[in-house]
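Visitor: One file is attached below, data.cif, containing mmCIF, C-alpha atoms.
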```cif
data_protein
loop_
_atom_site.label_atom_id
_atom_site.label_comp_id
_atom_site.auth_asym_id
_atom_site.auth_seq_id
_atom_site.Cartn_x
_atom_site.Cartn_y
_atom_site.Cartn_z
CA MET O 1 -42.19 18.66 -33.80
CA GLU O 2 -41.33 22.35 -33.64
CA GLU O 3 -37.71 23.39 -33.59
CA GLU O 4 -36.48 25.47 -30.63
CA SER O 5 -36.51 29.12 -31.63
CA SER O 6 -33.13 30.84 -31.66
CA PRO O 7 -32.57 33.82 -29.32
CA SER O 8 -33.52 37.06 -30.96
CA THR O 9 -32.38 39.78 -28.58
CA PRO O 10 -28.76 40.45 -27.50
CA VAL O 11 -29.60 39.63 -23.85
CA GLN O 12 -31.14 36.28 -24.84
CA ARG O 13 -28.14 35.44 -27.03
CA LEU O 14 -25.73 36.22 -24.12
CA ARG O 15 -27.70 33.99 -21.74
CA HIS O 16 -27.75 31.23 -24.37
CA ARG O 17 -23.93 31.37 -24.74
CA LYS O 18 -23.43 31.28 -20.94
CA ARG O 19 -25.80 28.31 -20.61
CA SER O 20 -24.06 26.47 -23.44
CA SER O 21 -20.59 27.03 -21.99
CA THR O 22 -21.81 25.83 -18.58
CA GLU O 23 -23.25 22.68 -20.11
CA ILE O 24 -19.94 22.00 -21.90
CA LEU O 25 -17.97 22.45 -18.66
CA ASP O 26 -20.36 20.16 -16.81
CA GLY O 27 -20.02 17.61 -19.56
CA ASP O 28 -16.24 17.80 -19.28
CA LYS O 29 -16.48 17.17 -15.56
CA VAL O 30 -18.64 14.13 -16.06
CA SER O 31 -16.49 12.66 -18.79
CA ALA O 32 -13.18 13.47 -17.08
CA SER O 33 -11.48 10.33 -15.89
CA PRO O 34 -9.59 10.27 -12.56
CA LEU O 35 -7.38 7.40 -13.78
CA LEU O 36 -3.64 8.11 -13.91
CA VAL O 37 -3.38 6.81 -17.48
CA ASN O 38 -5.60 9.72 -18.61
CA ASP O 39 -4.03 12.42 -16.43
CA ARG O 40 -2.42 15.16 -18.55
CA ASN O 41 0.02 16.11 -15.78
CA LYS O 42 0.94 12.54 -14.87
CA TYR O 43 4.56 12.75 -15.99
CA LYS O 44 5.21 15.87 -13.92
CA SER O 45 3.63 14.28 -10.84
CA PHE O 46 5.50 11.06 -11.62
CA MET O 47 8.86 12.87 -11.45
CA VAL O 48 7.99 14.62 -8.18
CA ARG O 49 6.75 11.36 -6.66
CA THR O 50 9.84 9.47 -7.89
CA TYR O 51 12.20 12.04 -6.36
CA SER O 52 10.41 11.86 -3.01
CA THR O 53 10.35 8.06 -3.12
CA LEU O 54 14.09 7.82 -3.75
CA TRP O 55 14.75 10.27 -0.94
CA MET O 56 12.58 8.26 1.49
CA ILE O 57 14.08 4.90 0.49
CA GLY O 58 17.61 6.30 0.90
CA GLY O 59 16.84 7.60 4.38
CA PHE O 60 15.09 4.35 5.29
CA VAL O 61 18.09 2.24 4.23
CA MET O 62 20.49 4.45 6.21
CA VAL O 63 18.41 4.16 9.41
CA VAL O 64 18.11 0.38 9.03
CA TYR O 65 21.90 0.16 8.60
CA MET O 66 22.38 2.01 11.91
CA GLY O 67 20.48 -0.62 13.88
CA HIS O 68 17.62 -1.38 16.25
CA LEU O 69 17.60 1.75 18.41
CA TYR O 70 17.73 4.09 15.43
CA ILE O 71 14.90 2.24 13.71
CA THR O 72 12.86 2.49 16.91
CA ALA O 73 13.58 6.23 17.08
CA MET O 74 12.44 6.56 13.45
CA VAL O 75 9.16 4.80 14.27
CA LEU O 76 8.61 7.13 17.25
CA VAL O 77 9.19 10.22 15.10
CA ILE O 78 6.80 8.90 12.44
CA GLN O 79 4.14 8.28 15.09
CA ILE O 80 4.50 11.81 16.45
CA PHE O 81 4.10 13.32 12.97
CA MET O 82 1.08 11.10 12.29
CA ALA O 83 -0.52 12.17 15.56
CA LYS O 84 0.14 15.82 14.73
CA GLU O 85 -1.55 15.47 11.32
CA LEU O 86 -4.56 13.70 12.78
CA PHE O 87 -4.94 16.02 15.77
CA ASN O 88 -5.08 18.95 13.36
CA LEU O 89 -7.98 17.45 11.37
CA LEU O 90 -10.63 18.31 13.95
CA ARG O 91 -9.06 21.38 15.49
CA LYS O 92 -10.86 24.72 15.16
CA ALA O 93 -8.92 27.91 15.80
CA PRO O 94 -11.73 29.93 17.51
CA GLU O 95 -12.48 27.11 19.97
CA ASP O 96 -8.78 26.46 20.66
CA LYS O 97 -8.30 30.13 21.60
CA CYS O 98 -10.95 29.70 24.29
CA LEU O 99 -9.30 26.45 25.49
CA PRO O 100 -5.58 27.26 25.79
CA GLY O 101 -4.56 23.87 27.25
CA ILE O 102 -6.40 21.55 24.89
CA LYS O 103 -3.40 20.85 22.60
CA GLN O 104 -1.18 20.05 25.56
CA LEU O 105 -3.87 17.69 26.91
CA ASN O 106 -3.93 15.76 23.63
CA TRP O 107 -0.18 15.30 23.75
CA HIS O 108 -0.32 14.32 27.42
CA PHE O 109 -2.56 11.37 26.54
CA PHE O 110 -0.35 10.53 23.56
CA PHE O 111 2.92 10.37 25.53
CA THR O 112 1.22 8.50 28.38
CA ALA O 113 0.13 5.84 25.89
CA MET O 114 3.66 5.81 24.43
CA LEU O 115 5.17 5.24 27.89
CA PHE O 116 2.71 2.42 28.59
CA VAL O 117 3.15 0.57 25.30
CA TYR O 118 6.90 0.95 24.88
CA GLY O 119 7.50 0.38 28.56
CA ARG O 120 5.94 -3.07 28.23
CA ILE O 121 7.83 -3.84 25.03
CA LEU O 122 11.28 -2.58 26.05
CA SER O 123 11.32 -3.07 29.85
CA GLN O 124 13.10 -6.43 29.80
CA ARG O 125 15.69 -5.21 27.32
CA LEU O 126 16.33 -2.13 29.45
CA ALA O 127 16.89 -4.35 32.50
CA ASN O 128 19.32 -6.49 30.51
CA THR O 129 21.25 -3.35 29.52
CA VAL O 130 21.92 -2.12 33.08
CA THR O 131 22.59 -5.42 34.88
CA ALA O 132 26.27 -4.47 35.38
CA ASP O 133 25.37 -1.48 37.58
CA GLN O 134 23.57 -2.51 40.78
CA PHE O 135 22.09 0.96 41.49
CA LEU O 136 20.74 1.42 37.96
CA TYR O 137 19.48 -2.14 37.96
CA ARG O 138 17.48 -1.56 41.16
CA LEU O 139 16.12 1.74 39.81
CA VAL O 140 15.06 0.14 36.53
CA SER O 141 13.57 -2.87 38.31
CA GLY O 142 11.50 -0.55 40.48
CA LEU O 143 10.27 1.40 37.45
CA ILE O 144 9.36 -1.83 35.68
CA LYS O 145 7.52 -3.15 38.75
CA TYR O 146 5.41 0.02 39.10
CA HIS O 147 5.23 0.80 35.38
CA MET O 148 1.51 0.08 35.05
CA ALA O 149 0.63 2.12 38.16
CA ILE O 150 2.71 5.08 36.92
CA CYS O 151 0.99 5.05 33.52
CA TYR O 152 -2.45 4.72 35.12
CA PHE O 153 -1.92 7.73 37.38
CA LEU O 154 -0.60 9.76 34.45
CA TYR O 155 -3.79 8.91 32.59
CA ILE O 156 -5.92 9.88 35.62
CA ILE O 157 -4.11 13.22 35.76
CA GLY O 158 -5.09 13.79 32.12
CA PHE O 159 -8.66 12.70 32.84
CA MET O 160 -8.96 15.14 35.77
CA TRP O 161 -7.31 17.86 33.67
CA PHE O 162 -10.00 17.33 31.02
CA ILE O 163 -12.88 17.47 33.52
CA LEU O 164 -11.57 20.59 35.27
CA THR O 165 -11.16 22.47 31.97
CA LEU O 166 -14.71 21.85 30.69
CA LYS O 167 -16.36 25.12 29.70
CA LYS O 168 -19.98 25.97 29.14
CA LYS O 169 -21.00 26.06 25.43
CA MET O 170 -17.79 24.19 24.58
CA TYR O 171 -18.77 20.75 25.87
CA LYS O 172 -19.45 19.22 22.46
CA TYR O 173 -16.13 20.38 21.01
CA GLN O 174 -14.15 19.26 24.08
CA PHE O 175 -15.72 15.81 24.22
CA GLY O 176 -15.21 15.48 20.47
CA GLN O 177 -11.49 16.22 20.94
CA TYR O 178 -11.32 13.75 23.85
CA ALA O 179 -12.90 10.97 21.78
CA TRP O 180 -10.80 11.82 18.72
CA THR O 181 -7.59 11.64 20.76
CA HIS O 182 -8.47 8.19 22.06
CA MET O 183 -9.38 7.00 18.58
CA ILE O 184 -5.94 8.09 17.35
CA LEU O 185 -4.30 6.18 20.19
CA ILE O 186 -6.27 3.00 19.50
CA VAL O 187 -6.37 2.94 15.70
CA VAL O 188 -3.01 4.52 14.85
CA PHE O 189 -0.61 4.43 17.78
CA THR O 190 -1.44 0.98 19.13
CA GLN O 191 -1.27 -0.64 15.68
CA SER O 192 2.02 0.93 14.67
CA SER O 193 3.55 0.04 18.07
CA PHE O 194 3.67 -3.57 16.95
CA THR O 195 6.42 -2.43 14.57
CA VAL O 196 8.81 -1.92 17.52
CA ALA O 197 8.03 -5.37 18.89
CA ASN O 198 8.94 -6.82 15.48
CA ILE O 199 12.22 -4.86 15.37
CA PHE O 200 13.60 -6.50 18.53
CA GLU O 201 12.64 -9.96 17.34
CA GLY O 202 15.08 -9.28 14.51
CA ILE O 203 15.31 -6.40 12.03
CA PHE O 204 14.32 -8.94 9.36
CA TRP O 205 10.78 -9.04 10.78
CA PHE O 206 10.51 -5.27 10.50
CA LEU O 207 12.33 -4.80 7.22
CA LEU O 208 10.64 -7.50 5.15
CA PRO O 209 6.99 -6.50 5.87
CA ALA O 210 7.78 -2.79 5.50
CA SER O 211 9.62 -3.40 2.21
CA LEU O 212 6.73 -5.45 0.81
CA ILE O 213 4.32 -2.58 1.41
CA ILE O 214 6.73 -0.17 -0.29
CA ILE O 215 7.12 -2.54 -3.26
CA ASN O 216 3.37 -3.03 -3.52
CA ASP O 217 2.72 0.70 -3.42
CA ILE O 218 5.38 1.49 -6.03
CA PHE O 219 4.29 -1.18 -8.50
CA ALA O 220 0.59 -0.46 -8.03
CA TYR O 221 1.39 3.11 -9.07
CA ILE O 222 3.58 2.00 -12.01
CA PHE O 223 1.10 -0.56 -13.40
CA GLY O 224 -1.77 1.87 -12.88
CA PHE O 225 0.27 4.67 -14.49
CA PHE O 226 0.93 2.77 -17.72
CA PHE O 227 -1.85 0.18 -17.97
CA GLY O 228 -4.64 1.20 -15.59
CA ARG O 229 -8.03 1.21 -17.34
CA THR O 230 -10.48 -0.52 -15.00
CA PRO O 231 -11.42 1.27 -11.75
CA LEU O 232 -10.97 -0.90 -8.64
CA ILE O 233 -12.93 0.81 -5.86
CA LYS O 234 -14.97 4.01 -5.68
CA LEU O 235 -13.26 5.15 -2.48
CA SER O 236 -9.98 5.47 -4.42
CA PRO O 237 -10.83 6.55 -7.97
CA LYS O 238 -7.21 6.30 -9.19
CA LYS O 239 -6.82 2.68 -8.06
CA THR O 240 -7.25 0.18 -10.91
CA TRP O 241 -7.51 -3.59 -11.26
CA GLU O 242 -4.46 -3.57 -13.52
CA GLY O 243 -2.41 -1.83 -10.84
CA PHE O 244 -3.78 -4.07 -8.08
CA ILE O 245 -3.10 -7.37 -9.92
CA GLY O 246 0.29 -6.29 -11.28
CA ALA O 247 1.42 -5.12 -7.83
CA SER O 248 0.13 -8.32 -6.18
CA VAL O 249 2.14 -10.62 -8.46
CA THR O 250 5.25 -8.45 -8.12
CA THR O 251 4.94 -8.30 -4.32
CA ILE O 252 4.58 -12.06 -3.87
CA ILE O 253 7.60 -12.77 -6.09
CA SER O 254 9.58 -10.05 -4.32
CA ALA O 255 8.71 -11.54 -0.92
CA PHE O 256 10.20 -14.90 -1.87
CA VAL O 257 13.38 -13.39 -3.34
CA LEU O 258 13.86 -10.67 -0.72
CA ALA O 259 13.53 -13.13 2.17
CA ASN O 260 16.42 -15.14 0.70
CA VAL O 261 18.61 -12.04 0.47
CA LEU O 262 17.81 -10.55 3.89
CA GLY O 263 17.85 -13.91 5.66
CA ARG O 264 21.58 -14.39 5.01
CA PHE O 265 22.71 -11.48 7.24
CA PRO O 266 22.98 -12.35 10.98
CA TRP O 267 22.69 -8.71 12.08
CA LEU O 268 19.24 -8.65 10.45
CA THR O 269 17.99 -12.00 11.74
CA CYS O 270 19.34 -12.08 15.33
CA PRO O 271 16.90 -10.93 18.05
CA ARG O 272 18.21 -8.20 20.37
CA GLN O 273 17.82 -8.72 24.11
CA ASP O 274 19.18 -5.34 25.25
CA LEU O 275 19.29 -1.70 24.16
CA SER O 276 22.91 -1.54 23.01
CA THR O 277 23.84 -0.35 19.52
CA GLY O 278 26.47 -2.87 18.44
CA TRP O 279 25.99 -5.27 15.55
CA LEU O 280 24.71 -8.71 16.45
CA GLN O 281 26.18 -12.15 15.87
CA CYS O 282 24.30 -15.32 16.76
CA ASP O 283 23.83 -18.91 15.71
CA ALA O 284 21.48 -18.92 12.75
CA ASP O 285 17.94 -20.01 13.50
CA PRO O 286 16.86 -23.08 11.47
CA LEU O 287 14.54 -20.74 9.55
CA PHE O 288 17.60 -19.03 8.07
CA LYS O 289 19.66 -22.13 7.21
CA PRO O 290 19.57 -23.07 3.50
CA GLU O 291 17.90 -26.35 2.58
CA PRO O 292 17.89 -28.11 -0.82
CA PHE O 293 14.63 -27.90 -2.71
CA THR O 294 13.82 -29.99 -5.77
CA LEU O 295 11.56 -28.31 -8.28
CA PRO O 296 8.28 -30.07 -9.16
CA ALA O 297 8.13 -32.29 -12.26
CA TRP O 298 5.70 -29.99 -14.04
CA ILE O 299 8.35 -27.25 -14.36
CA PRO O 300 9.22 -26.93 -18.11
CA GLY O 301 12.34 -28.76 -19.29
CA TRP O 302 13.95 -25.56 -20.63
CA PHE O 303 14.12 -24.13 -17.09
CA PRO O 304 17.86 -24.23 -16.21
CA TRP O 305 17.54 -25.12 -12.48
CA LYS O 306 16.19 -28.44 -11.25
CA GLU O 307 17.27 -27.98 -7.64
CA MET O 308 17.98 -24.88 -5.57
CA GLU O 309 18.74 -23.83 -2.02
CA VAL O 310 15.81 -22.27 -0.20
CA LEU O 311 15.63 -20.73 3.28
CA PRO O 312 12.61 -22.11 5.18
CA VAL O 313 11.66 -18.52 6.05
CA GLN O 314 10.94 -17.91 2.35
CA TRP O 315 7.76 -20.01 2.58
CA HIS O 316 6.61 -17.79 5.44
CA ALA O 317 7.54 -14.77 3.34
CA LEU O 318 5.01 -15.89 0.71
CA CYS O 319 2.25 -15.54 3.33
CA LEU O 320 3.49 -12.06 4.22
CA GLY O 321 3.63 -11.16 0.52
CA LEU O 322 0.10 -12.44 -0.06
CA PHE O 323 -1.22 -10.36 2.84
CA ALA O 324 0.75 -7.27 1.75
CA SER O 325 -0.67 -7.47 -1.78
CA ILE O 326 -4.31 -8.34 -1.06
CA ILE O 327 -5.31 -7.32 2.49
CA ALA O 328 -2.95 -4.48 3.45
CA PRO O 329 -4.17 -2.17 0.61
CA PHE O 330 -7.50 -2.02 2.45
CA GLY O 331 -5.70 0.17 4.98
CA GLY O 332 -5.24 2.62 2.12
CA PHE O 333 -8.89 2.27 1.11
CA PHE O 334 -9.91 2.99 4.72
CA ALA O 335 -7.74 6.12 4.70
CA SER O 336 -9.28 7.20 1.37
CA GLY O 337 -12.78 6.88 2.81
CA PHE O 338 -11.65 8.76 5.89
CA LYS O 339 -10.32 11.64 3.79
CA ARG O 340 -13.52 11.75 1.77
CA ALA O 341 -15.50 12.00 5.00
CA PHE O 342 -13.46 15.06 6.00
CA LYS O 343 -13.32 16.39 2.40
CA ILE O 344 -9.53 16.59 2.26
CA LYS O 345 -7.10 15.44 -0.44
CA ASP O 346 -4.25 14.38 1.85
CA PHE O 347 -3.57 14.24 5.59
CA GLY O 348 -0.69 16.67 5.13
CA ASP O 349 1.84 18.03 2.67
CA SER O 350 5.14 17.05 4.30
CA ILE O 351 6.14 14.65 1.47
CA PRO O 352 6.00 16.16 -2.06
CA GLY O 353 3.91 14.01 -4.39
CA HIS O 354 2.72 11.75 -1.58
CA GLY O 355 0.88 13.96 0.90
CA GLY O 356 1.46 13.57 4.62
CA ILE O 357 3.19 10.94 6.74
CA THR O 358 -0.17 9.30 7.47
CA ASP O 359 -0.84 8.89 3.74
CA ARG O 360 2.26 6.69 3.46
CA MET O 361 1.74 4.74 6.70
CA ASP O 362 -1.89 3.61 6.35
CA CYS O 363 -1.01 0.17 4.92
CA GLN O 364 2.12 -0.14 7.05
CA MET O 365 0.04 -0.14 10.23
CA VAL O 366 -2.14 -3.02 9.05
CA MET O 367 0.94 -4.94 7.90
CA ALA O 368 2.80 -4.42 11.18
CA VAL O 369 -0.02 -5.98 13.21
CA PHE O 370 -0.27 -8.98 10.87
CA ALA O 371 3.52 -9.51 10.87
CA TYR O 372 3.57 -9.50 14.69
CA ILE O 373 0.63 -11.88 15.03
CA TYR O 374 2.04 -14.22 12.35
CA LEU O 375 5.48 -14.16 13.98
CA GLN O 376 4.17 -14.93 17.47
CA SER O 377 1.63 -17.52 16.29
CA PHE O 378 3.56 -19.54 13.72
CA ILE O 379 7.27 -18.82 14.16
CA VAL O 380 8.42 -17.79 17.66
CA SER O 381 8.57 -20.73 20.07
CA GLN O 382 6.14 -20.32 22.95
CA SER O 383 7.76 -22.99 25.12
CA VAL O 384 9.40 -22.09 28.45
CA SER O 385 13.19 -21.80 28.22
CA VAL O 386 16.03 -21.21 30.70
CA ASP O 387 16.61 -17.73 29.22
CA LYS O 388 12.96 -16.74 29.69
CA ILE O 389 12.97 -17.97 33.31
CA LEU O 390 16.17 -16.04 34.06
CA ASP O 391 14.69 -12.92 32.45
CA GLN O 392 11.66 -13.17 34.73
CA ILE O 393 13.91 -13.65 37.78
CA LEU O 394 16.07 -10.65 36.90
CA THR O 395 13.07 -8.43 36.24
CA ASN O 396 10.67 -9.35 39.05
CA LEU O 397 12.89 -10.36 42.00
CA SER O 398 14.98 -8.06 44.18
CA PHE O 399 18.69 -8.68 44.65
CA GLU O 400 18.08 -10.27 48.06
CA GLU O 401 15.34 -12.50 46.63
CA GLN O 402 17.67 -13.60 43.84
CA GLN O 403 20.33 -14.52 46.43
CA ALA O 404 17.76 -16.52 48.41
CA LEU O 405 16.67 -18.32 45.22
CA PHE O 406 20.30 -19.12 44.35
CA THR O 407 20.87 -20.57 47.86
CA ARG O 408 17.66 -22.61 47.68
CA LEU O 409 18.57 -24.02 44.26
CA GLY O 410 22.01 -24.98 45.60
CA GLN O 411 20.36 -26.85 48.47
CA MET O 412 17.96 -28.63 46.11
CA ILE O 413 20.78 -29.69 43.78
CA GLY O 414 22.89 -30.82 46.74
CA ASN O 415 20.07 -33.00 48.11
CA SER O 416 19.29 -34.62 44.75
#
```
Would you mind writing the file out in C-alpha cells?
Guide:
Amino acid sequence: MEEESSPSTPVQRLRHRKRSSTEILDGDKVSASPLLVNDRNKYKSFMVRTYSTLWMIGGFVMVVYMGHLYITAMVLVIQIFMAKELFNLLRKAPEDKCLPGIKQLNWHFFFTAMLFVYGRILSQRLANTVTADQFLYRLVSGLIKYHMAICYFLYIIGFMWFILTLKKKMYKYQFGQYAWTHMILIVVFTQSSFTVANIFEGIFWFLLPASLIIINDIFAYIFGFFFGRTPLIKLSPKKTWEGFIGASVTTIISAFVLANVLGRFPWLTCPRQDLSTGWLQCDADPLFKPEPFTLPAWIPGWFPWKEMEVLPVQWHALCLGLFASIIAPFGGFFASGFKRAFKIKDFGDSIPGHGGITDRMDCQMVMAVFAYIYLQSFIVSQSVSVDKILDQILTNLSFEEQQALFTRLGQMIGNS
C-alpha cells in the first residue's frame, strides 16, 4: 500500500497544516465531555452559583418569616418575571414595531388569568377579612358573586382587541403570539397558582415541597460536581446518574427530618382563613401531634434508639420526598428540551450562575401541583363542616337573606 505523499509546495503545506489543525479542533469537540466533573472552570462557576444560592435562600427564609401575604406576593412577582422571560422568547423586534399594542395584549391576558385564578382561591378569605364593615362586605360579596362574569368579559375584550389589530402579512406572527400567550397561561401560570392554594392551607404545605426541590437541586449539583461520571439523559448533558441517585437519597431523608422540624411550629401548620398578617395560633391537627414509634426488629443492635417520637405528617413527607427526587426533575428535563428547541442556554440571566427565574422554577411548578393534589386527596377532610356551611352563607347570601335564614332556623329549633 502506497504511503500518502507529503506536500511539496508551500501552498500545499499551508493547506495541510490548516486541515490538520481543523481535524484536531474537531476531535477536541467530539472528545470534550459536558460533565461537571471534567469542566475546567467548574470551581469558578461553583462559587458564583453558591453565592447566588445563599442569596436566594436568605431572601426566601425572610419572606417565609413575614407570613402568608408576603409569600403570596413573592409568588406573584416570580410569575410575572417568568411570564416576561417566556414572552420574550418568541418576540421579534421588526414585527413588534408594526404591532405597537401586542405586548400590552399579552399582559392583558396574563392579568385577566391572574384575577380569575386568585379570585377563586382568595375570595372566601377576602370576605372573612371585611366582615366587620357592612359596606365593604357587601362590595366584596358582589365582586365575588360576579367574579366569573367580570373575568369572562375581560377575556372577551382581549379577544376582540386581538381580532381588531390583525394586520395583513402579519397573521402568522400574531396568531403565534396569541397561542404562545395561552400556552404560558396554561403550562406555567396555572400550575404555579397551586402554590398559593397550598400557602393558605398552612405555610408548611408550601415550605416543605419547595424546600425539597431546593435540596434536590443542590445535592444533584454537588454529587454531580464531585462524582458524576455516567450521563443520565441526553436532554441535559450535565445531569448524571450519580447526581440523580445521591440527590434522591438525600431528598427523601431530608423530607422525613424536615417535616418533623417544621411540623412543630403552629404558625407554619395552621391554615389561614383571612388575609390578615398576624401570626397564627390554633389547636394542632392530629397530623402534627407526636406519636411513639417503635423501630423494627431488624434495626442493628448498635443503633442507640429503639423508640422515637414521630409526627404522622412525616410519613406523608416521605411521599413528597419521593416525588421531589424522582418525578419533579422531569420538569427540568422538559425545560432543557424546550431550551434546545429554541437554541438558548438559559431562559434569562437574572440569577448569576443559574440563568433566569424560569430555570429555577421548572421543577417547582410540577411539585406545587402534586403537593396540592396530594393534600386535597389524602390529607384535607372533604366532609361538610359547620365552618364550611357558614362560609358559604357569608359568601353567597345577602345580609337580608342571612337574616331570613337566621329567623327560619330559630323557628325550626323552637318547633323541635
Visitor: What does the PyMOL selection byres ((chain O and resi 278) around 12) select in this file, as a ChimeraX atom specification?
Guide: /O:65-70,267,272-277,279-281
Visitor: Please indicate the distance in Å from atom CA of O:Lys97 to atom CA of O:Lys345, rounded to one decimal place.
Guide: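 Between atom CA of O:Lys97 and atom CA of O:Lys345 the gap is 26.5 Å.
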Visitor: Any idea what the distance is between atom CA of O:Leu90 and atom CA of O:Gln177?
Guide: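 Separation between atom CA of O:Leu90 and atom CA of O:Gln177: 7.3 Å.
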Visitor: Take atom CA of O:Gln402 and atom CA of O:Tyr152 and report the distance between them in Å, one decimal.
Guide: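 These atoms are spaced 28.6 Å apart.
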Visitor: When you look at O:Asn216 with a cut-off of 10 Å (counting all atoms listed in the file), what residues show up, excluding the ones that are within fewer than 3 positions of it in the same chain? I need them as a ChimeraX atom specification.
Guide: /O:211-213,219-222,243-244,246-252,254,321,324-326,328-329
Visitor: Considering all atoms listed in the file, return as JSON, numbers by chain whatever protein or nucleic-acid residues lie within 12 Å of O:Phe338, sequence-local ones (same chain, fewer than 2 positions apart) excluded.
Guide: {"O": [86, 89, 235, 236, 331, 332, 333, 334, 335, 336, 340, 341, 342, 343, 344, 345, 346, 347, 358, 359, 362]}
Visitor: Compile the contact shell of O:Thr72 as a VMD selection string: residues with an atom at most 9 Å away, counting only C-alpha atoms, same-chain residues fewer than 5 positions apart removed.
Guide: chain O and resid 67 77 195 to 196 199
Visitor: Next, write the just-selected residues to a file, as a PDB file, in the frame of the given file, keeping C-alpha atoms as the atom set.
Guide:
```
ATOM      1  CA  GLY O  67      20.480  -0.620  13.880  1.00  0.00           C
ATOM      2  CA  VAL O  77       9.190  10.220  15.100  1.00  0.00           C
ATOM      3  CA  THR O 195       6.420  -2.430  14.570  1.00  0.00           C
ATOM      4  CA  VAL O 196       8.810  -1.920  17.520  1.00  0.00           C
ATOM      5  CA  ILE O 199      12.220  -4.860  15.370  1.00  0.00           C
TER       6      ILE O 199
END
```
Visitor: Under the rule that all atoms listed in the file are counted, which of O:Asn198, O:Pro237, O:Phe87, O:Cys98 is the nearest residue to O:Met367?
Guide: O:Asn198
Visitor: Quick one: what's the axis-aligned box for stretch 207-210 of chain O, all listed atoms, 6 Å on every side, centre and edges in Å to one decimal, as lines of an AutoDock Vina configuration file?
Guide:
```
center_x = 9.7
center_y = -5.1
center_z = 6.2
size_x = 17.3
size_y = 16.7
size_z = 14.1
```
Visitor: Selected by the PyMOL selection byres ((chain O and resi 201) around 9) in the shown coordinates: which residues, as a list of chain:residue names?
Guide: O:Val196, O:Ala197, O:Asn198, O:Ile199, O:Phe200, O:Gly202, O:Ile203, O:Phe204, O:Trp205, O:Phe206, O:Thr269, O:Cys270, O:Pro271, O:Arg272, O:Gln273, O:Leu375, O:Val380
Visitor: With distances taken over all atoms listed in the file, which of O:Phe303, O:Leu311, O:Met56, O:Ile102 is nearest to O:Pro290?
Guide: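 Checking each candidate against O:Pro290, we get O:Leu311 as the closest.
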Visitor: Identify the residues within 10 Å of coordinate (-1.3, 17.8, 30.0) (same frame as the file), considering only C-alpha atoms, and give the answer as an NGL selection string.
Guide: :O and (101-112 or 154-155 or 157-162)
Visitor: I'd like to see the residues matched by the PyMOL selection byres ((chain O and resi 399) around 12) on this file, and ideally I'd get them as number ranges by chain.
Guide: O: 131, 134-135, 137-139, 141-142, 393-398, 400-406
Visitor: Would you mind telling me which residue in O:Leu207, O:Ile218, O:Ile121, O:Ile233 lies nearest to O:Ser52 when using only C-alpha atoms?
Guide: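 Under the stated criterion, the closest residue is O:Ile218.
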Visitor: In terms of the shortest atom-to-atom distance over all atoms listed in the file, which of O:Cys282, O:Val140, O:Val313, O:Ala73 is closest to O:Val257?
Guide: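 That would be O:Val313, the residue with the smallest distance to O:Val257.
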